[in-house]
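Data from structure.txt: compact mmCIF, N, CA and C atoms and all ligand atoms
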```
# COMPACT_ATOMS: atom_id res chain seq x y z
N MET N 153 22.21 -47.99 12.23
CA MET N 153 21.60 -47.33 11.06
C MET N 153 21.48 -48.31 9.89
N SER N 154 22.29 -49.38 9.90
CA SER N 154 22.30 -50.30 8.77
C SER N 154 21.43 -51.52 9.01
N GLN N 155 20.54 -51.44 9.97
CA GLN N 155 19.68 -52.58 10.25
C GLN N 155 18.55 -52.68 9.23
N PRO N 156 18.16 -53.89 8.89
CA PRO N 156 17.06 -54.11 7.93
C PRO N 156 15.74 -53.51 8.41
N ALA N 157 15.60 -53.33 9.70
CA ALA N 157 14.36 -52.80 10.26
C ALA N 157 14.05 -51.41 9.72
N GLY N 158 15.06 -50.73 9.23
CA GLY N 158 14.86 -49.38 8.70
C GLY N 158 13.92 -49.37 7.51
N GLU N 159 13.74 -50.52 6.91
CA GLU N 159 12.89 -50.62 5.73
C GLU N 159 11.44 -50.31 6.07
N ARG N 160 11.04 -50.63 7.27
CA ARG N 160 9.67 -50.35 7.68
C ARG N 160 9.35 -48.87 7.62
N SER N 161 10.19 -48.10 8.26
CA SER N 161 9.93 -46.67 8.33
C SER N 161 9.94 -46.05 6.94
N TYR N 162 10.71 -46.64 6.05
CA TYR N 162 10.76 -46.14 4.68
C TYR N 162 9.41 -46.35 4.00
N GLN N 163 8.83 -47.52 4.18
CA GLN N 163 7.55 -47.83 3.54
C GLN N 163 6.45 -46.91 4.07
N GLN N 164 6.46 -46.66 5.34
CA GLN N 164 5.44 -45.79 5.92
C GLN N 164 5.55 -44.38 5.35
N THR N 165 6.75 -43.91 5.27
CA THR N 165 6.97 -42.56 4.75
C THR N 165 6.55 -42.47 3.29
N ALA N 166 6.88 -43.51 2.53
CA ALA N 166 6.57 -43.49 1.11
C ALA N 166 5.07 -43.49 0.88
N ALA N 167 4.36 -44.28 1.66
CA ALA N 167 2.92 -44.39 1.48
C ALA N 167 2.23 -43.08 1.85
N ALA N 168 2.82 -42.36 2.77
CA ALA N 168 2.17 -41.16 3.28
C ALA N 168 2.41 -39.94 2.40
N SER N 169 3.54 -39.90 1.72
CA SER N 169 3.90 -38.63 1.09
C SER N 169 4.45 -38.77 -0.33
N THR N 170 4.28 -39.94 -0.94
CA THR N 170 4.80 -40.10 -2.29
C THR N 170 3.89 -39.40 -3.30
N MET N 171 4.48 -38.55 -4.10
CA MET N 171 3.74 -37.89 -5.17
C MET N 171 4.17 -38.51 -6.50
N HIS N 172 3.21 -38.66 -7.39
CA HIS N 172 3.55 -39.25 -8.68
C HIS N 172 3.58 -38.18 -9.77
N TYR N 173 4.61 -38.26 -10.57
CA TYR N 173 4.82 -37.28 -11.63
C TYR N 173 5.07 -37.98 -12.96
N LEU N 174 4.94 -37.22 -14.00
CA LEU N 174 5.33 -37.72 -15.32
C LEU N 174 6.57 -36.97 -15.76
N CYS N 175 7.53 -37.70 -16.25
CA CYS N 175 8.77 -37.07 -16.72
C CYS N 175 8.49 -36.28 -18.00
N ALA N 176 9.02 -35.08 -18.07
CA ALA N 176 8.82 -34.25 -19.24
C ALA N 176 9.66 -34.74 -20.42
N GLU N 177 10.65 -35.53 -20.13
CA GLU N 177 11.57 -35.99 -21.15
C GLU N 177 11.16 -37.33 -21.76
N CYS N 178 10.93 -38.33 -20.90
CA CYS N 178 10.65 -39.67 -21.40
C CYS N 178 9.23 -40.14 -21.10
N GLY N 179 8.49 -39.37 -20.29
CA GLY N 179 7.10 -39.70 -20.01
C GLY N 179 6.92 -40.80 -18.99
N ALA N 180 7.98 -41.18 -18.33
CA ALA N 180 7.89 -42.24 -17.34
C ALA N 180 7.18 -41.74 -16.09
N LYS N 181 6.46 -42.65 -15.44
CA LYS N 181 5.86 -42.30 -14.16
C LYS N 181 6.94 -42.36 -13.09
N VAL N 182 7.00 -41.31 -12.30
CA VAL N 182 8.04 -41.22 -11.29
C VAL N 182 7.41 -40.93 -9.93
N GLY N 183 7.70 -41.77 -8.97
CA GLY N 183 7.22 -41.54 -7.61
C GLY N 183 8.27 -40.79 -6.82
N ILE N 184 7.92 -39.59 -6.38
CA ILE N 184 8.88 -38.78 -5.62
C ILE N 184 8.41 -38.67 -4.19
N ASN N 185 9.24 -39.10 -3.27
CA ASN N 185 8.90 -38.96 -1.86
C ASN N 185 9.11 -37.53 -1.41
N LYS N 186 8.33 -37.13 -0.43
CA LYS N 186 8.47 -35.77 0.08
C LYS N 186 9.87 -35.57 0.62
N GLY N 187 10.50 -34.49 0.18
CA GLY N 187 11.86 -34.21 0.62
C GLY N 187 12.91 -34.68 -0.38
N GLU N 188 12.49 -35.54 -1.32
CA GLU N 188 13.44 -35.98 -2.33
C GLU N 188 13.52 -34.95 -3.46
N PRO N 189 14.65 -34.90 -4.15
CA PRO N 189 14.79 -34.01 -5.30
C PRO N 189 13.90 -34.46 -6.43
N ILE N 190 13.33 -33.51 -7.16
CA ILE N 190 12.50 -33.84 -8.32
C ILE N 190 13.40 -34.26 -9.46
N ARG N 191 13.37 -35.55 -9.76
CA ARG N 191 14.22 -36.04 -10.84
C ARG N 191 13.68 -37.38 -11.35
N CYS N 192 13.68 -37.52 -12.67
CA CYS N 192 13.23 -38.76 -13.27
C CYS N 192 14.20 -39.89 -12.92
N LYS N 193 13.64 -41.01 -12.48
CA LYS N 193 14.50 -42.12 -12.10
C LYS N 193 14.85 -42.99 -13.30
N GLU N 194 14.27 -42.68 -14.45
CA GLU N 194 14.57 -43.43 -15.67
C GLU N 194 15.69 -42.78 -16.46
N CYS N 195 15.55 -41.46 -16.68
CA CYS N 195 16.51 -40.79 -17.56
C CYS N 195 17.28 -39.67 -16.85
N GLY N 196 16.85 -39.32 -15.63
CA GLY N 196 17.58 -38.31 -14.88
C GLY N 196 17.13 -36.89 -15.15
N HIS N 197 16.10 -36.73 -16.01
CA HIS N 197 15.59 -35.39 -16.32
C HIS N 197 14.99 -34.76 -15.06
N ARG N 198 15.12 -33.46 -14.95
CA ARG N 198 14.70 -32.80 -13.71
C ARG N 198 13.34 -32.14 -13.81
N ILE N 199 12.76 -32.10 -15.00
CA ILE N 199 11.46 -31.47 -15.14
C ILE N 199 10.38 -32.54 -15.15
N LEU N 200 9.56 -32.53 -14.12
CA LEU N 200 8.48 -33.50 -14.02
C LEU N 200 7.16 -32.76 -13.88
N TYR N 201 6.12 -33.35 -14.44
CA TYR N 201 4.79 -32.75 -14.34
C TYR N 201 3.92 -33.58 -13.42
N LYS N 202 3.07 -32.92 -12.71
CA LYS N 202 2.08 -33.64 -11.91
C LYS N 202 1.13 -34.36 -12.86
N GLN N 203 0.78 -35.57 -12.52
CA GLN N 203 -0.05 -36.38 -13.41
C GLN N 203 -1.40 -35.73 -13.69
N ARG N 204 -1.93 -35.01 -12.77
CA ARG N 204 -3.25 -34.42 -12.95
C ARG N 204 -3.22 -33.25 -13.91
N THR N 205 -2.05 -32.70 -14.12
CA THR N 205 -1.94 -31.51 -14.98
C THR N 205 -1.83 -31.94 -16.42
N ARG N 206 -2.96 -32.22 -17.02
CA ARG N 206 -2.94 -32.80 -18.37
C ARG N 206 -2.52 -31.77 -19.43
N ARG N 207 -2.72 -30.52 -19.14
CA ARG N 207 -2.28 -29.50 -20.10
C ARG N 207 -0.79 -29.64 -20.41
N MET N 208 -0.05 -29.83 -19.33
CA MET N 208 1.40 -29.88 -19.46
C MET N 208 1.84 -31.19 -20.13
N VAL N 209 1.09 -32.24 -19.91
CA VAL N 209 1.44 -33.54 -20.49
C VAL N 209 1.35 -33.49 -22.00
N GLN N 210 0.39 -32.71 -22.53
CA GLN N 210 0.23 -32.62 -23.98
C GLN N 210 1.46 -32.00 -24.63
N PHE N 211 2.17 -31.26 -23.85
CA PHE N 211 3.40 -30.65 -24.34
C PHE N 211 4.38 -31.72 -24.84
N GLU N 212 4.22 -32.91 -24.28
CA GLU N 212 5.12 -34.02 -24.60
C GLU N 212 4.65 -34.80 -25.83
N ALA N 213 3.52 -34.40 -26.39
CA ALA N 213 2.89 -35.17 -27.46
C ALA N 213 3.80 -35.35 -28.67
N ARG N 214 4.71 -34.43 -28.84
CA ARG N 214 5.55 -34.50 -30.03
C ARG N 214 6.50 -35.67 -29.93
ZN ZN N 301 12.58 -39.40 -17.80
```
Target format structure tokens, applied to this file:
Amino acid sequence: MSQPAGERSYQQTAAASTMHYLCAECGAKVGINKGEPIRCKECGHRILYKQRTRRMVQFEAR
């Protein structure tokens, strides 16, 4: 399980199912792989918005 070869399968999975979100707290772009918990990797905030949902992003304007 600890072989470096495992990195390959990780890249394939990431390319196939990574969704990008914007953090509601700090506005950082966060790539979340399918099956991973929704959480900002910069600040740890759990509320993320889909990048396409611009309505919600404006909420962060303040
Ligand atoms: Zn954040």
(request) List all protein, DNA and RNA residues that have an atom no more than 7 Å from any atom of ligand ZN 301 (chain N), counting only N, CA and C atoms and all ligand atoms, and report them as an NGL selection string. (result) :N and (174-180 or 191-197)
(request) May I ask for the distance between atom C of Ile190 in chain N and atom C of Gln203 in chain N, given in Å to one decimal place? (result) 15.5 Å
(request) Take atom C of Ile184 in chain N and CA of Arg198 in chain N and report the distance between them in Å, one decimal. (result)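 Separating atom C of Ile184 in chain N from CA of Arg198 in chain N is a distance of 12.8 Å.
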(message) As an exercise, work out the distance from CA of Ser169 in chain N to atom N of Gly187 in chain N in Å and give it to one decimal place.
(response)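 A separation of 7.8 Å between them.
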Could you give me, as a tab-separated table (two decimals) with N, CA and C atoms, in the frame of the given file, the residues within 7 Å of Met171 in chain N, counting all atoms listed in the file and dropping anything in the same chain fewer than 6 positions from it?
```tsv
chain	number	residue	atom	x	y	z
N	182	VAL	N	7.00	-41.31	-12.30
N	182	VAL	CA	8.04	-41.22	-11.29
N	182	VAL	C	7.41	-40.93	-9.93
N	183	GLY	N	7.70	-41.77	-8.97
N	183	GLY	CA	7.22	-41.54	-7.61
N	183	GLY	C	8.27	-40.79	-6.82
N	184	ILE	N	7.92	-39.59	-6.38
N	184	ILE	CA	8.88	-38.78	-5.62
N	184	ILE	C	8.41	-38.67	-4.19
N	185	ASN	N	9.24	-39.10	-3.27
N	185	ASN	CA	8.90	-38.96	-1.86
N	185	ASN	C	9.11	-37.53	-1.41
N	186	LYS	N	8.33	-37.13	-0.43
N	186	LYS	CA	8.47	-35.77	0.08
N	186	LYS	C	9.87	-35.57	0.62
```
